[in-house]
Amino acid sequence: MKAWRICALAAALAVAGWSARASEVGKPARDFTLITFDRQKLTAADLKGKVVVLNYWATWCGPCKAELLVFDNYLRQHPETDLKVYAVETEHSLPISYLQKMAASAHFSIGMRLSGRGYGIIDNGVPTSFVIDRNGVLRHAKAGAFNVQSFDALVTPLLAESALATPPDR
């Protein structure tokens, strides 16, 4: 009986964690700090007016690799957009040479570390992505891979929107 209660509590906490993130979609995105592979330090304020994808991925994750190709192909096909994609590797165990090759060939940026309240891996699942629109509103927070159609359906309309003169309060 005691084990059942522990499992029930763990399940409730997992659902509560997911609900908190899901309930933030449509609200101003929380502040974050991102350190890129080339040692740039970026914040939410630095990316104001851009559509931003913050993505967690792992080398052992097949759907993650497929999704990275989706991001790269989208950016190749739309080189003049205000879309910024940051792929944050979760294992921190890749050799620098691997990341250098990847950073040199990818059309998105490699993130080394992402910090900020509310920007963790959702439900222990990779890939996990957060999409923030030009106005700083969180439009997507979910574990699971984008495919070509789902990424295009979310991002293309966001890129077509203009930024408001006064963004929402954070």
# chains A, B, ... in the order shown; residues from 1 in each chain; ligands from 1
$ select_by_dssp --residues "chain A" --states "helix (DSSP H, G or I)" --output "VMD selection string"
chain A and resid 2 to 24 45 to 47 62 to 77 96 to 105 122 to 124 148 to 160
$ residues_around --residues "Tyr86 in chain A" --least-positions-apart "5" --cutoff "7 Å" --atoms "only C-alpha atoms" --output "PyMOL selection string"
chain A and resi 53-55+108-111
$ residues_around --residues "range 120-136 of chain A" --least-positions-apart "2" --cutoff "8 Å" --atoms "only C-alpha atoms" --output "VMD selection string"
chain A and resid 14 17 to 18 28 to 29 44 48 to 58 61 63 to 64 117 to 118 138 to 145 158 to 159 161 to 164 167 to 168
$ select_by_dssp --residues "range 18-165 of chain A" --states "strand (DSSP E or B)" --output "ChimeraX atom specification"
/A:28,33-36,41-43,51-57,83-89,109-115,128-132,137-143
$ atom_distance --atom1 "CA of Asn73 in chain A" --atom2 "CA of Phe151 in chain A"
11.0 Å
$ atom_distance --atom1 "CA of Leu99 in chain A" --atom2 "CA of Trp60 in chain A"
14.7 Å
$ atom_distance --atom1 "CA of Gln100 in chain A" --atom2 "CA of Leu42 in chain A"
19.3 Å
$ residues_around --residues "Ala106 in chain A" --least-positions-apart "4" --cutoff "12 Å" --atoms "only C-alpha atoms" --output "list of chain:residue names"
A:Leu68, A:Leu69, A:Val70, A:Phe71, A:Asp72, A:Asn73, A:Tyr74, A:Leu75, A:Arg76, A:Val85, A:Tyr86, A:Ala87, A:Leu99, A:Gln100, A:Lys101, A:Met102, A:Ile110
$ write_last_selection --atoms "N, CA and C atoms" --output "mmCIF file, in the first residue's frame"
data_model
loop_
_atom_site.group_PDB
_atom_site.id
_atom_site.type_symbol
_atom_site.label_atom_id
_atom_site.label_comp_id
_atom_site.auth_asym_id
_atom_site.auth_seq_id
_atom_site.Cartn_x
_atom_site.Cartn_y
_atom_site.Cartn_z
ATOM 1 N N LEU A 68 16.559 17.992 -35.447
ATOM 2 C CA LEU A 68 17.633 18.938 -35.763
ATOM 3 C C LEU A 68 17.735 19.154 -37.270
ATOM 4 N N LEU A 69 17.503 18.088 -38.038
ATOM 5 C CA LEU A 69 17.485 18.216 -39.503
ATOM 6 C C LEU A 69 16.309 19.076 -39.973
ATOM 7 N N VAL A 70 15.174 18.935 -39.295
ATOM 8 C CA VAL A 70 14.010 19.767 -39.621
ATOM 9 C C VAL A 70 14.361 21.242 -39.413
ATOM 10 N N PHE A 71 14.967 21.550 -38.268
ATOM 11 C CA PHE A 71 15.367 22.936 -37.994
ATOM 12 C C PHE A 71 16.337 23.436 -39.056
ATOM 13 N N ASP A 72 17.358 22.626 -39.330
ATOM 14 C CA ASP A 72 18.391 23.039 -40.274
ATOM 15 C C ASP A 72 17.813 23.265 -41.667
ATOM 16 N N ASN A 73 16.980 22.347 -42.128
ATOM 17 C CA ASN A 73 16.378 22.491 -43.460
ATOM 18 C C ASN A 73 15.462 23.708 -43.534
ATOM 19 N N TYR A 74 14.704 23.962 -42.475
ATOM 20 C CA TYR A 74 13.820 25.137 -42.471
ATOM 21 C C TYR A 74 14.653 26.404 -42.610
ATOM 22 N N LEU A 75 15.726 26.494 -41.847
ATOM 23 C CA LEU A 75 16.579 27.687 -41.894
ATOM 24 C C LEU A 75 17.294 27.820 -43.235
ATOM 25 N N ARG A 76 17.649 26.708 -43.864
ATOM 26 C CA ARG A 76 18.266 26.753 -45.200
ATOM 27 C C ARG A 76 17.265 27.277 -46.232
ATOM 28 N N VAL A 85 17.180 29.541 -33.734
ATOM 29 C CA VAL A 85 17.062 28.218 -33.131
ATOM 30 C C VAL A 85 18.333 27.943 -32.343
ATOM 31 N N TYR A 86 18.148 27.517 -31.103
ATOM 32 C CA TYR A 86 19.268 27.171 -30.226
ATOM 33 C C TYR A 86 19.050 25.751 -29.724
ATOM 34 N N ALA A 87 19.941 24.848 -30.135
ATOM 35 C CA ALA A 87 19.861 23.436 -29.757
ATOM 36 C C ALA A 87 20.831 23.188 -28.611
ATOM 37 N N LEU A 99 31.226 18.911 -31.577
ATOM 38 C CA LEU A 99 30.403 20.115 -31.547
ATOM 39 C C LEU A 99 30.909 21.171 -32.523
ATOM 40 N N GLN A 100 32.226 21.249 -32.703
ATOM 41 C CA GLN A 100 32.785 22.206 -33.668
ATOM 42 C C GLN A 100 32.311 21.890 -35.073
ATOM 43 N N LYS A 101 32.343 20.601 -35.444
ATOM 44 C CA LYS A 101 31.868 20.204 -36.774
ATOM 45 C C LYS A 101 30.388 20.518 -36.939
ATOM 46 N N MET A 102 29.630 20.209 -35.918
ATOM 47 C CA MET A 102 28.198 20.447 -35.969
ATOM 48 C C MET A 102 27.908 21.945 -36.059
ATOM 49 N N ILE A 110 24.369 26.169 -31.539
ATOM 50 C CA ILE A 110 24.483 25.140 -30.509
ATOM 51 C C ILE A 110 24.543 25.840 -29.161
#
$ closest_residue --among "A:His78, A:Lys84, A:His107, A:Lys27" --to "Asp46 in chain A" --atoms "only C-alpha atoms"
A:Lys84
